[in-house]
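Working notes, structure below.
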Amino acid sequence: MRFMVATDEDLVVVAHVAGLLRARGHEVELRAARAWGEAAIGVAREVASGRADQGIVFCHTGTGVSIAANKVKGVRAALCGDPETAAGARRWNDANVLALSLRLSTPESVEGIVEAWLGSGYEGSETVSLEAIRREEGGC
């Protein structure tokens, strides 16, 4: 799987996440941006276009990159602070961009989140809600 990873700050946790993905055989492109909005929108566009399968974006709280990524049609970014939320975002929301907080994340804490994200996939149970989102985006 091809992942785009971007951040507005070059911290150890970002490199650690890229390393976790590579260790599991995924292709990873790591990008740094001047601002969190640029980081998130750049990744979201890559995912929406199909040039990347999924993305991971970081900013201080994770909120800004989540909001920015979700502005791109076809992207469902989820701010996840624990493994259960990450698994649920994939399982029920078919999330394709993981947003993480640099303030709260450590190399140790992100391992469980990334594992849960990678180990989960959309179960198909929330079609009505996802179709509503697509209609709002003008996609149906």
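Residues are referred to by chain and number: the chain letter is A, B, ... according to the order shown in the structure tokens, the number counts from 1 in that chain, and ligands are numbered separately from 1 in the order shown.
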Open item on the list: Give me, as a ChimeraX atom specification, the residues of chain A that a backbone DSSP run labels helix (DSSP H, G or I).
Closed with: /A:12-23,36-49,63-69,83-93,107-119,127-137
- [ ] Using only C-alpha atoms, determine which residues lie at most 12 Å from Val17 in chain A, disregarding the query and same-chain residues fewer than 2 positions distant; provide the list as a PyMOL selection string.
- [x] chain A and resi 3-7+11-15+19-24+26+28-30+55-58+98-100+102+105-115+117-118
- [ ] Please indicate the distance in Å from CA of Gly138 in chain A to CA of Gly88 in chain A, rounded to one decimal place.
- [x] 25.3 Å
Open item on the list: For a test of reading the model, state the distance in Å between CA of Cys80 in chain A and CA of Cys59 in chain A, rounded to one decimal.
Closed with: 12.5 Å
Task: strand (DSSP E) positions in chain A, given as a VMD selection string - done: chain A and resid 2 to 7 27 to 32 54 to 59 77 to 79 97 to 101
Task: Non-local contacts of Gly42 in chain A (10 Å; only C-alpha atoms; under 3 positions in same chain excluded) as an MDAnalysis selection string - done: chainID A and resid 4:6 31 33 36:39 45:47 55 57 68:69 72
Dump as a CSV table (one decimal), in the first residue's frame, selection limited to N, CA and C atoms:
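out.csv, freshly written:
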```csv
chain,number,residue,atom,x,y,z
A,4,MET,N,1.0,8.5,2.0
A,4,MET,CA,1.6,9.8,2.0
A,4,MET,C,1.6,10.3,3.5
A,5,VAL,N,2.7,10.8,4.0
A,5,VAL,CA,2.8,11.2,5.4
A,5,VAL,C,3.3,12.7,5.3
A,6,ALA,N,2.6,13.6,6.0
A,6,ALA,CA,3.0,15.0,6.0
A,6,ALA,C,2.9,15.6,7.3
A,31,ARG,N,6.6,14.0,3.5
A,31,ARG,CA,6.7,15.4,3.1
A,31,ARG,C,6.6,16.3,4.3
A,33,ALA,N,6.0,20.4,5.3
A,33,ALA,CA,5.3,21.6,4.7
A,33,ALA,C,5.6,22.8,5.7
A,36,TRP,N,0.5,23.6,8.5
A,36,TRP,CA,-0.3,22.4,8.6
A,36,TRP,C,-1.4,22.3,7.5
A,37,GLY,N,-1.9,23.4,7.1
A,37,GLY,CA,-2.9,23.3,6.0
A,37,GLY,C,-2.4,22.8,4.7
A,38,GLU,N,-1.2,23.2,4.4
A,38,GLU,CA,-0.5,22.7,3.2
A,38,GLU,C,-0.2,21.2,3.3
A,39,ALA,N,0.3,20.8,4.5
A,39,ALA,CA,0.6,19.4,4.7
A,39,ALA,C,-0.7,18.5,4.5
A,45,ARG,N,-5.1,15.5,-1.3
A,45,ARG,CA,-5.2,15.4,-2.8
A,45,ARG,C,-4.6,14.2,-3.4
A,46,GLU,N,-3.5,13.8,-2.8
A,46,GLU,CA,-2.8,12.5,-3.3
A,46,GLU,C,-3.7,11.3,-3.1
A,47,VAL,N,-4.4,11.3,-1.9
A,47,VAL,CA,-5.3,10.2,-1.6
A,47,VAL,C,-6.5,10.2,-2.5
A,55,GLY,N,-3.4,8.2,3.8
A,55,GLY,CA,-2.5,9.3,4.2
A,55,GLY,C,-2.4,9.4,5.7
A,57,VAL,N,-1.4,12.5,8.5
A,57,VAL,CA,-1.1,13.9,8.7
A,57,VAL,C,-0.9,14.3,10.1
A,68,ALA,N,-8.6,20.4,7.5
A,68,ALA,CA,-8.1,20.7,6.2
A,68,ALA,C,-8.2,19.5,5.2
A,69,ALA,N,-7.8,18.4,5.7
A,69,ALA,CA,-7.9,17.2,4.8
A,69,ALA,C,-9.3,16.9,4.4
A,72,VAL,N,-11.1,18.2,1.1
A,72,VAL,CA,-10.9,17.6,-0.2
A,72,VAL,C,-11.9,16.5,-0.4
```
Open item on the list: As an exercise, work out the distance from CA of Val43 in chain A to CA of Asp82 in chain A in Å and give it to one decimal place.
Closed with: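 Atom-to-atom, CA of Val43 in chain A to CA of Asp82 in chain A, that is 21.6 Å.
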Open item on the list: Measuring between only C-alpha atoms, which one of A:Asn96, A:Asp53, A:Gly119, A:Leu79 shows the shortest distance to Ile67 in chain A?
Closed with: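 The closest residue to Ile67 in chain A is A:Leu79.
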Neighbours of Arg90 in chain A within 6 Å (only C-alpha atoms; same-chain residues fewer than 5 positions away dropped), as a CSV table (one decimal) with C-alpha atoms, in the first residue's frame?
```
chain,number,residue,atom,x,y,z
A,95,ALA,CA,-11.5,6.7,6.8
A,120,SER,CA,-8.9,-2.6,10.3
A,121,GLY,CA,-10.9,-2.1,7.1
A,122,TYR,CA,-14.3,-0.9,6.2
```
